[in-house]
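Colleague: So I've got this file, coords_17.cif, and it contains mmCIF, N, CA and C atoms:
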```
data_work
#
loop_
_atom_site.label_atom_id
_atom_site.label_comp_id
_atom_site.auth_asym_id
_atom_site.auth_seq_id
_atom_site.Cartn_x
_atom_site.Cartn_y
_atom_site.Cartn_z
N MET A 81 38.42 -30.06 74.02
CA MET A 81 37.38 -29.28 73.38
C MET A 81 37.95 -28.55 72.17
N ASP A 82 37.07 -27.97 71.39
CA ASP A 82 37.50 -27.27 70.19
C ASP A 82 38.09 -25.92 70.54
N SER A 83 38.96 -25.42 69.65
CA SER A 83 39.56 -24.12 69.89
C SER A 83 38.52 -23.01 69.70
N GLN A 84 37.56 -23.22 68.80
CA GLN A 84 36.50 -22.24 68.60
C GLN A 84 35.32 -22.62 69.49
N THR A 85 34.76 -21.63 70.14
CA THR A 85 33.59 -21.88 70.98
C THR A 85 32.34 -21.68 70.15
N PRO A 86 31.52 -22.74 69.99
CA PRO A 86 30.28 -22.58 69.22
C PRO A 86 29.36 -21.59 69.94
N ASN A 87 28.73 -20.72 69.19
CA ASN A 87 27.95 -19.67 69.82
C ASN A 87 26.44 -19.87 69.74
N THR A 88 25.98 -20.86 69.03
CA THR A 88 24.55 -21.11 69.01
C THR A 88 24.28 -22.51 69.53
N SER A 89 23.06 -22.68 69.98
CA SER A 89 22.67 -23.98 70.52
C SER A 89 22.80 -25.06 69.45
N LEU A 90 22.41 -24.73 68.24
CA LEU A 90 22.50 -25.70 67.14
C LEU A 90 23.95 -26.11 66.89
N GLN A 91 24.86 -25.15 66.91
CA GLN A 91 26.27 -25.46 66.69
C GLN A 91 26.81 -26.35 67.82
N ARG A 92 26.40 -26.05 69.05
CA ARG A 92 26.86 -26.87 70.17
C ARG A 92 26.31 -28.30 70.06
N LEU A 93 25.06 -28.43 69.63
CA LEU A 93 24.48 -29.77 69.48
C LEU A 93 25.11 -30.51 68.31
N GLN A 94 25.48 -29.81 67.25
CA GLN A 94 26.19 -30.45 66.14
C GLN A 94 27.56 -30.92 66.61
N ASN A 95 28.19 -30.15 67.47
CA ASN A 95 29.48 -30.54 68.04
C ASN A 95 29.32 -31.81 68.89
N VAL A 96 28.24 -31.90 69.64
CA VAL A 96 27.95 -33.10 70.44
C VAL A 96 27.78 -34.30 69.52
N GLU A 97 27.07 -34.08 68.41
CA GLU A 97 26.87 -35.18 67.46
C GLU A 97 28.22 -35.70 66.95
N LYS A 98 29.15 -34.79 66.63
CA LYS A 98 30.48 -35.19 66.17
C LYS A 98 31.22 -35.97 67.25
N ARG A 99 31.06 -35.53 68.50
CA ARG A 99 31.71 -36.23 69.60
C ARG A 99 31.13 -37.64 69.78
N ILE A 100 29.83 -37.76 69.60
CA ILE A 100 29.21 -39.09 69.72
C ILE A 100 29.74 -40.03 68.64
N VAL A 101 29.88 -39.51 67.42
CA VAL A 101 30.45 -40.31 66.34
C VAL A 101 31.88 -40.73 66.71
N ARG A 102 32.65 -39.82 67.26
CA ARG A 102 34.02 -40.15 67.66
C ARG A 102 34.03 -41.19 68.78
N VAL A 103 33.10 -41.09 69.71
CA VAL A 103 33.00 -42.07 70.80
C VAL A 103 32.73 -43.46 70.22
N LEU A 104 31.85 -43.53 69.24
CA LEU A 104 31.55 -44.82 68.61
C LEU A 104 32.77 -45.36 67.86
N GLU A 105 33.50 -44.47 67.21
CA GLU A 105 34.73 -44.90 66.52
C GLU A 105 35.74 -45.45 67.53
N LEU A 106 35.88 -44.78 68.66
CA LEU A 106 36.81 -45.24 69.69
C LEU A 106 36.38 -46.61 70.23
N ALA A 107 35.09 -46.76 70.48
CA ALA A 107 34.59 -48.04 71.00
C ALA A 107 34.84 -49.15 69.99
N GLY A 108 34.62 -48.86 68.71
CA GLY A 108 34.89 -49.85 67.67
C GLY A 108 36.37 -50.20 67.60
N GLY A 109 37.23 -49.19 67.72
CA GLY A 109 38.67 -49.43 67.71
C GLY A 109 39.11 -50.30 68.88
N VAL A 110 38.54 -50.06 70.05
CA VAL A 110 38.87 -50.86 71.23
C VAL A 110 38.39 -52.30 71.03
N MET A 111 37.20 -52.46 70.46
CA MET A 111 36.67 -53.82 70.21
C MET A 111 37.59 -54.56 69.22
N ASP A 112 38.02 -53.87 68.17
CA ASP A 112 38.94 -54.49 67.22
C ASP A 112 40.25 -54.89 67.90
N GLU A 113 40.74 -54.01 68.75
CA GLU A 113 42.00 -54.29 69.44
C GLU A 113 41.86 -55.47 70.41
N LEU A 114 40.71 -55.56 71.04
CA LEU A 114 40.48 -56.69 71.96
C LEU A 114 40.40 -58.02 71.21
N CYS A 115 39.99 -57.96 69.94
CA CYS A 115 39.89 -59.18 69.12
C CYS A 115 41.23 -59.54 68.46
N ASN A 116 42.23 -58.71 68.63
CA ASN A 116 43.53 -58.93 68.03
C ASN A 116 44.10 -60.27 68.52
N PRO A 117 44.46 -61.16 67.59
CA PRO A 117 44.98 -62.48 67.99
C PRO A 117 46.26 -62.40 68.82
N SER A 118 47.04 -61.36 68.63
CA SER A 118 48.29 -61.24 69.41
C SER A 118 48.04 -60.57 70.76
N GLY A 119 46.78 -60.24 71.05
CA GLY A 119 46.45 -59.61 72.32
C GLY A 119 46.35 -58.10 72.19
N PRO A 120 45.57 -57.50 73.06
CA PRO A 120 45.38 -56.04 72.97
C PRO A 120 46.62 -55.28 73.43
N GLY A 121 46.86 -54.16 72.77
CA GLY A 121 47.98 -53.29 73.15
C GLY A 121 47.55 -52.41 74.31
N LYS A 122 48.32 -52.46 75.39
CA LYS A 122 47.96 -51.73 76.61
C LYS A 122 47.90 -50.23 76.37
N GLU A 123 48.89 -49.67 75.69
CA GLU A 123 48.92 -48.23 75.44
C GLU A 123 47.76 -47.80 74.54
N PHE A 124 47.47 -48.62 73.52
CA PHE A 124 46.36 -48.33 72.61
C PHE A 124 45.05 -48.27 73.40
N LEU A 125 44.81 -49.31 74.22
CA LEU A 125 43.58 -49.36 75.01
C LEU A 125 43.52 -48.20 75.99
N SER A 126 44.62 -47.90 76.62
CA SER A 126 44.65 -46.83 77.61
C SER A 126 44.33 -45.48 76.98
N SER A 127 44.95 -45.18 75.84
CA SER A 127 44.71 -43.89 75.19
C SER A 127 43.28 -43.79 74.67
N HIS A 128 42.79 -44.87 74.07
CA HIS A 128 41.43 -44.84 73.54
C HIS A 128 40.40 -44.75 74.66
N CYS A 129 40.61 -45.48 75.74
CA CYS A 129 39.66 -45.43 76.86
C CYS A 129 39.69 -44.05 77.53
N GLY A 130 40.87 -43.47 77.65
CA GLY A 130 40.97 -42.12 78.22
C GLY A 130 40.25 -41.09 77.37
N GLU A 131 40.45 -41.16 76.06
CA GLU A 131 39.75 -40.23 75.16
C GLU A 131 38.25 -40.47 75.19
N PHE A 132 37.85 -41.74 75.24
CA PHE A 132 36.44 -42.12 75.32
C PHE A 132 35.79 -41.47 76.54
N MET A 133 36.42 -41.62 77.70
CA MET A 133 35.85 -41.07 78.93
C MET A 133 35.80 -39.55 78.91
N GLN A 134 36.81 -38.91 78.36
CA GLN A 134 36.81 -37.45 78.28
C GLN A 134 35.69 -36.97 77.36
N LEU A 135 35.51 -37.64 76.24
CA LEU A 135 34.43 -37.25 75.32
C LEU A 135 33.06 -37.45 75.97
N ILE A 136 32.90 -38.54 76.70
CA ILE A 136 31.63 -38.78 77.38
C ILE A 136 31.35 -37.66 78.38
N LYS A 137 32.36 -37.26 79.14
CA LYS A 137 32.19 -36.15 80.09
C LYS A 137 31.82 -34.86 79.38
N ASP A 138 32.54 -34.57 78.27
CA ASP A 138 32.25 -33.35 77.50
C ASP A 138 30.82 -33.37 76.97
N ILE A 139 30.38 -34.52 76.47
CA ILE A 139 29.02 -34.65 75.95
C ILE A 139 28.01 -34.41 77.05
N GLN A 140 28.24 -35.00 78.22
CA GLN A 140 27.32 -34.81 79.35
C GLN A 140 27.22 -33.34 79.75
N VAL A 141 28.36 -32.68 79.86
CA VAL A 141 28.37 -31.27 80.27
C VAL A 141 27.62 -30.42 79.24
N THR A 142 27.92 -30.63 77.97
CA THR A 142 27.27 -29.84 76.93
C THR A 142 25.77 -30.07 76.91
N LEU A 143 25.35 -31.34 76.98
CA LEU A 143 23.91 -31.63 76.97
C LEU A 143 23.22 -31.08 78.21
N ARG A 144 23.87 -31.18 79.35
CA ARG A 144 23.29 -30.62 80.58
C ARG A 144 23.11 -29.11 80.44
N ASP A 145 24.10 -28.43 79.89
CA ASP A 145 24.00 -26.98 79.69
C ASP A 145 22.90 -26.63 78.70
N GLU A 146 22.79 -27.42 77.63
CA GLU A 146 21.75 -27.15 76.63
C GLU A 146 20.35 -27.38 77.21
N ILE A 147 20.21 -28.42 78.00
CA ILE A 147 18.90 -28.69 78.63
C ILE A 147 18.56 -27.56 79.60
N LYS A 148 19.55 -27.14 80.37
CA LYS A 148 19.33 -26.06 81.33
C LYS A 148 18.94 -24.77 80.61
N SER A 149 19.64 -24.44 79.53
CA SER A 149 19.31 -23.21 78.81
C SER A 149 17.95 -23.31 78.14
N ALA A 150 17.58 -24.51 77.70
CA ALA A 150 16.25 -24.69 77.09
C ALA A 150 15.16 -24.51 78.14
N CYS A 151 15.42 -24.96 79.36
CA CYS A 151 14.44 -24.80 80.43
C CYS A 151 14.30 -23.34 80.85
N GLU A 152 15.38 -22.59 80.72
CA GLU A 152 15.34 -21.17 81.10
C GLU A 152 14.71 -20.31 80.02
N TYR A 153 14.58 -20.83 78.82
CA TYR A 153 14.02 -20.06 77.71
C TYR A 153 12.53 -19.90 77.90
N ARG A 154 12.09 -18.66 77.93
CA ARG A 154 10.66 -18.37 78.09
C ARG A 154 10.26 -17.36 77.01
N PRO A 155 9.67 -17.84 75.92
CA PRO A 155 9.36 -16.93 74.81
C PRO A 155 8.34 -15.87 75.17
N PHE A 156 7.48 -16.12 76.17
CA PHE A 156 6.43 -15.16 76.52
C PHE A 156 6.75 -14.44 77.82
N GLU A 157 8.04 -14.38 78.15
CA GLU A 157 8.46 -13.79 79.42
C GLU A 157 8.01 -12.34 79.55
N LYS A 158 8.04 -11.59 78.47
CA LYS A 158 7.67 -10.19 78.52
C LYS A 158 6.18 -9.96 78.29
N CYS A 159 5.44 -11.02 78.11
CA CYS A 159 4.00 -10.92 77.89
C CYS A 159 3.33 -10.56 79.22
N ASP A 160 2.40 -9.61 79.19
CA ASP A 160 1.73 -9.19 80.42
C ASP A 160 0.33 -9.79 80.54
N TYR A 161 0.02 -10.79 79.73
CA TYR A 161 -1.33 -11.37 79.75
C TYR A 161 -1.70 -11.91 81.13
N ILE A 162 -0.82 -12.67 81.73
CA ILE A 162 -1.12 -13.29 83.02
C ILE A 162 -1.34 -12.21 84.08
N SER A 163 -0.49 -11.21 84.12
CA SER A 163 -0.66 -10.16 85.13
C SER A 163 -1.92 -9.35 84.87
N ARG A 164 -2.24 -9.09 83.60
CA ARG A 164 -3.48 -8.36 83.29
C ARG A 164 -4.70 -9.15 83.73
N ILE A 165 -4.72 -10.44 83.42
CA ILE A 165 -5.86 -11.28 83.81
C ILE A 165 -5.96 -11.35 85.33
N SER A 166 -4.83 -11.49 86.01
CA SER A 166 -4.84 -11.53 87.48
C SER A 166 -5.40 -10.23 88.04
N ASN A 167 -5.00 -9.10 87.46
CA ASN A 167 -5.52 -7.81 87.92
C ASN A 167 -7.02 -7.70 87.66
N GLU A 168 -7.47 -8.16 86.51
CA GLU A 168 -8.90 -8.11 86.21
C GLU A 168 -9.70 -8.97 87.18
N ILE A 169 -9.17 -10.14 87.51
CA ILE A 169 -9.85 -11.03 88.46
C ILE A 169 -9.91 -10.36 89.83
N CYS A 170 -8.81 -9.74 90.24
CA CYS A 170 -8.80 -9.04 91.53
C CYS A 170 -9.81 -7.90 91.54
N CYS A 171 -9.91 -7.16 90.44
CA CYS A 171 -10.89 -6.07 90.36
C CYS A 171 -12.31 -6.61 90.46
N GLU A 172 -12.58 -7.71 89.78
CA GLU A 172 -13.91 -8.34 89.86
C GLU A 172 -14.23 -8.75 91.30
N LYS A 173 -13.25 -9.34 91.98
CA LYS A 173 -13.45 -9.75 93.37
C LYS A 173 -13.73 -8.55 94.26
N LEU A 174 -12.95 -7.47 94.05
CA LEU A 174 -13.16 -6.27 94.85
C LEU A 174 -14.54 -5.66 94.59
N GLU A 175 -14.97 -5.64 93.36
CA GLU A 175 -16.31 -5.13 93.04
C GLU A 175 -17.38 -5.97 93.73
N TYR A 176 -17.19 -7.28 93.76
CA TYR A 176 -18.15 -8.16 94.43
C TYR A 176 -18.17 -7.88 95.93
N VAL A 177 -16.99 -7.74 96.54
CA VAL A 177 -16.91 -7.46 97.98
C VAL A 177 -17.55 -6.11 98.29
N ILE A 178 -17.30 -5.12 97.46
CA ILE A 178 -17.90 -3.79 97.66
C ILE A 178 -19.41 -3.89 97.58
N ALA A 179 -19.93 -4.65 96.62
CA ALA A 179 -21.38 -4.82 96.49
C ALA A 179 -21.95 -5.50 97.73
N GLN A 180 -21.25 -6.49 98.24
CA GLN A 180 -21.71 -7.18 99.45
C GLN A 180 -21.70 -6.23 100.65
N LEU A 181 -20.63 -5.43 100.77
CA LEU A 181 -20.54 -4.47 101.87
C LEU A 181 -21.64 -3.42 101.78
N ASP A 182 -21.94 -2.96 100.54
CA ASP A 182 -23.03 -1.99 100.35
C ASP A 182 -24.36 -2.61 100.78
N GLY A 183 -24.56 -3.88 100.43
CA GLY A 183 -25.78 -4.57 100.85
C GLY A 183 -25.87 -4.70 102.36
N MET A 184 -24.77 -4.99 103.00
CA MET A 184 -24.75 -5.09 104.46
C MET A 184 -25.03 -3.73 105.10
N LYS A 185 -24.47 -2.66 104.51
CA LYS A 185 -24.69 -1.32 105.04
C LYS A 185 -26.16 -0.95 104.93
N GLU A 186 -26.78 -1.28 103.79
CA GLU A 186 -28.21 -0.99 103.63
C GLU A 186 -29.04 -1.74 104.66
N THR A 187 -28.67 -2.99 104.92
CA THR A 187 -29.40 -3.80 105.91
C THR A 187 -29.25 -3.19 107.30
N ILE A 188 -28.05 -2.74 107.64
CA ILE A 188 -27.81 -2.12 108.95
C ILE A 188 -28.58 -0.82 109.06
N ASP A 189 -28.57 0.00 107.98
CA ASP A 189 -29.31 1.27 107.99
C ASP A 189 -30.81 1.02 108.16
N GLU A 190 -31.34 0.03 107.47
CA GLU A 190 -32.76 -0.30 107.60
C GLU A 190 -33.08 -0.74 109.02
N TYR A 191 -32.19 -1.50 109.63
CA TYR A 191 -32.39 -1.97 111.00
C TYR A 191 -32.42 -0.79 111.97
N HIS A 192 -31.46 0.15 111.80
CA HIS A 192 -31.41 1.32 112.69
C HIS A 192 -32.62 2.21 112.48
N ASN A 193 -33.11 2.35 111.26
CA ASN A 193 -34.29 3.18 110.99
C ASN A 193 -35.53 2.55 111.57
N ALA A 194 -35.56 1.20 111.62
CA ALA A 194 -36.74 0.51 112.13
C ALA A 194 -36.78 0.59 113.66
N VAL A 195 -35.65 0.74 114.28
CA VAL A 195 -35.61 0.78 115.75
C VAL A 195 -35.88 2.14 116.23
#
```
Take the structure in the file and give it back as structure tokens.
Modeller:
Amino acid sequence: MDSQTPNTSLQRLQNVEKRIVRVLELAGGVMDELCNPSGPGKEFLSSHCGEFMQLIKDIQVTLRDEIKSACEYRPFEKCDYISRISNEICCEKLEYVIAQLDGMKETIDEYHNAV
């Protein structure tokens, strides 16, 4: 990894882009080496494949972290709209229940007065 830690999501994604370019360069180098008429160099292939795999792992980790942080980002987290609307709905329901109970009380009172 780099000695400097990128501090913004954009910087981290730009770093991933650079790693992807390097991965493609490594893959191209390995393909060229495999086409070598004298045969591929074992050390060359080993070092390039090792670097390739490490870069792929680094890319996966970085992208996984970026996706996770993007999923955790909630721009309206401090917005109270949902809670206000929920409270208003609850108040409306309570007013309806109270009206129904008042109607039931009137019916019971009328029944007792009639008896």
Colleague: Between atom N of Lys137 of chain A and atom CA of Gly119 of chain A, what distance in Å does the model show, to one decimal?
Modeller: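 Taking atom N of Lys137 of chain A as the start and atom CA of Gly119 of chain A as the end point, the length is 27.3 Å.
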Colleague: Which is closer to Leu93 of chain A than all the others in A:Cys159, A:Ala194, A:Leu143, A:Ile136, using all atoms listed in the file?
Modeller: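 Result for the nearest residue to Leu93 of chain A: A:Leu143.
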Colleague: Segment 175-187 of chain A, all listed atoms, 6 Å padding on each side: what axis-aligned box centre and edge lengths in Å to one decimal come out, as lines of an AutoDock Vina configuration file?
Modeller:
```
center_x = -22.2
center_y = -4.6
center_z = 100.2
size_x = 26.4
size_y = 19.2
size_z = 26.3
```
Colleague: Give as a PyMOL selection string the residues that the PyMOL selection byres (((chain A and resi 101-111 and name CA) around 12) and name CA) matches when applied to the coordinates above.
Modeller: chain A and resi 94-100+112-116+119-139
Colleague: Keeping only N, CA and C atoms, take the residues you just selected and write them out as a short mmCIF file (atom, residue, chain, number, x, y, z; two decimals), in the coordinates of the input.
Modeller:
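Full text of out-v8.cif as output:
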```
data_model
loop_
_atom_site.label_atom_id
_atom_site.label_comp_id
_atom_site.auth_asym_id
_atom_site.auth_seq_id
_atom_site.Cartn_x
_atom_site.Cartn_y
_atom_site.Cartn_z
N GLN A 94 25.48 -29.81 67.25
CA GLN A 94 26.19 -30.45 66.14
C GLN A 94 27.56 -30.92 66.61
N ASN A 95 28.19 -30.15 67.47
CA ASN A 95 29.48 -30.54 68.04
C ASN A 95 29.32 -31.81 68.89
N VAL A 96 28.24 -31.90 69.64
CA VAL A 96 27.95 -33.10 70.44
C VAL A 96 27.78 -34.30 69.52
N GLU A 97 27.07 -34.08 68.41
CA GLU A 97 26.87 -35.18 67.46
C GLU A 97 28.22 -35.70 66.95
N LYS A 98 29.15 -34.79 66.63
CA LYS A 98 30.48 -35.19 66.17
C LYS A 98 31.22 -35.97 67.25
N ARG A 99 31.06 -35.53 68.50
CA ARG A 99 31.71 -36.23 69.60
C ARG A 99 31.13 -37.64 69.78
N ILE A 100 29.83 -37.76 69.60
CA ILE A 100 29.21 -39.09 69.72
C ILE A 100 29.74 -40.03 68.64
N ASP A 112 38.02 -53.87 68.17
CA ASP A 112 38.94 -54.49 67.22
C ASP A 112 40.25 -54.89 67.90
N GLU A 113 40.74 -54.01 68.75
CA GLU A 113 42.00 -54.29 69.44
C GLU A 113 41.86 -55.47 70.41
N LEU A 114 40.71 -55.56 71.04
CA LEU A 114 40.48 -56.69 71.96
C LEU A 114 40.40 -58.02 71.21
N CYS A 115 39.99 -57.96 69.94
CA CYS A 115 39.89 -59.18 69.12
C CYS A 115 41.23 -59.54 68.46
N ASN A 116 42.23 -58.71 68.63
CA ASN A 116 43.53 -58.93 68.03
C ASN A 116 44.10 -60.27 68.52
N GLY A 119 46.78 -60.24 71.05
CA GLY A 119 46.45 -59.61 72.32
C GLY A 119 46.35 -58.10 72.19
N PRO A 120 45.57 -57.50 73.06
CA PRO A 120 45.38 -56.04 72.97
C PRO A 120 46.62 -55.28 73.43
N GLY A 121 46.86 -54.16 72.77
CA GLY A 121 47.98 -53.29 73.15
C GLY A 121 47.55 -52.41 74.31
N LYS A 122 48.32 -52.46 75.39
CA LYS A 122 47.96 -51.73 76.61
C LYS A 122 47.90 -50.23 76.37
N GLU A 123 48.89 -49.67 75.69
CA GLU A 123 48.92 -48.23 75.44
C GLU A 123 47.76 -47.80 74.54
N PHE A 124 47.47 -48.62 73.52
CA PHE A 124 46.36 -48.33 72.61
C PHE A 124 45.05 -48.27 73.40
N LEU A 125 44.81 -49.31 74.22
CA LEU A 125 43.58 -49.36 75.01
C LEU A 125 43.52 -48.20 75.99
N SER A 126 44.62 -47.90 76.62
CA SER A 126 44.65 -46.83 77.61
C SER A 126 44.33 -45.48 76.98
N SER A 127 44.95 -45.18 75.84
CA SER A 127 44.71 -43.89 75.19
C SER A 127 43.28 -43.79 74.67
N HIS A 128 42.79 -44.87 74.07
CA HIS A 128 41.43 -44.84 73.54
C HIS A 128 40.40 -44.75 74.66
N CYS A 129 40.61 -45.48 75.74
CA CYS A 129 39.66 -45.43 76.86
C CYS A 129 39.69 -44.05 77.53
N GLY A 130 40.87 -43.47 77.65
CA GLY A 130 40.97 -42.12 78.22
C GLY A 130 40.25 -41.09 77.37
N GLU A 131 40.45 -41.16 76.06
CA GLU A 131 39.75 -40.23 75.16
C GLU A 131 38.25 -40.47 75.19
N PHE A 132 37.85 -41.74 75.24
CA PHE A 132 36.44 -42.12 75.32
C PHE A 132 35.79 -41.47 76.54
N MET A 133 36.42 -41.62 77.70
CA MET A 133 35.85 -41.07 78.93
C MET A 133 35.80 -39.55 78.91
N GLN A 134 36.81 -38.91 78.36
CA GLN A 134 36.81 -37.45 78.28
C GLN A 134 35.69 -36.97 77.36
N LEU A 135 35.51 -37.64 76.24
CA LEU A 135 34.43 -37.25 75.32
C LEU A 135 33.06 -37.45 75.97
N ILE A 136 32.90 -38.54 76.70
CA ILE A 136 31.63 -38.78 77.38
C ILE A 136 31.35 -37.66 78.38
N LYS A 137 32.36 -37.26 79.14
CA LYS A 137 32.19 -36.15 80.09
C LYS A 137 31.82 -34.86 79.38
N ASP A 138 32.54 -34.57 78.27
CA ASP A 138 32.25 -33.35 77.50
C ASP A 138 30.82 -33.37 76.97
N ILE A 139 30.38 -34.52 76.47
CA ILE A 139 29.02 -34.65 75.95
C ILE A 139 28.01 -34.41 77.05
#
```
Colleague: I need the residues of chain A that end up classed as alpha helix (DSSP H) by DSSP on the backbone, written out as a ChimeraX atom specification.
Modeller: /A:89-114,122-152,161-194
Colleague: Mind pulling up the distance from atom C of Glu190 of chain A to atom CA of Lys173 of chain A?
Modeller: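 Separating atom CA of Lys173 of chain A from atom C of Glu190 of chain A is a distance of 26.7 Å.
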Colleague: Have a look at atom N of Arg164 of chain A and atom CA of Ala179 of chain A and let me know their distance in Å, one decimal.
Modeller: 23.5 Å
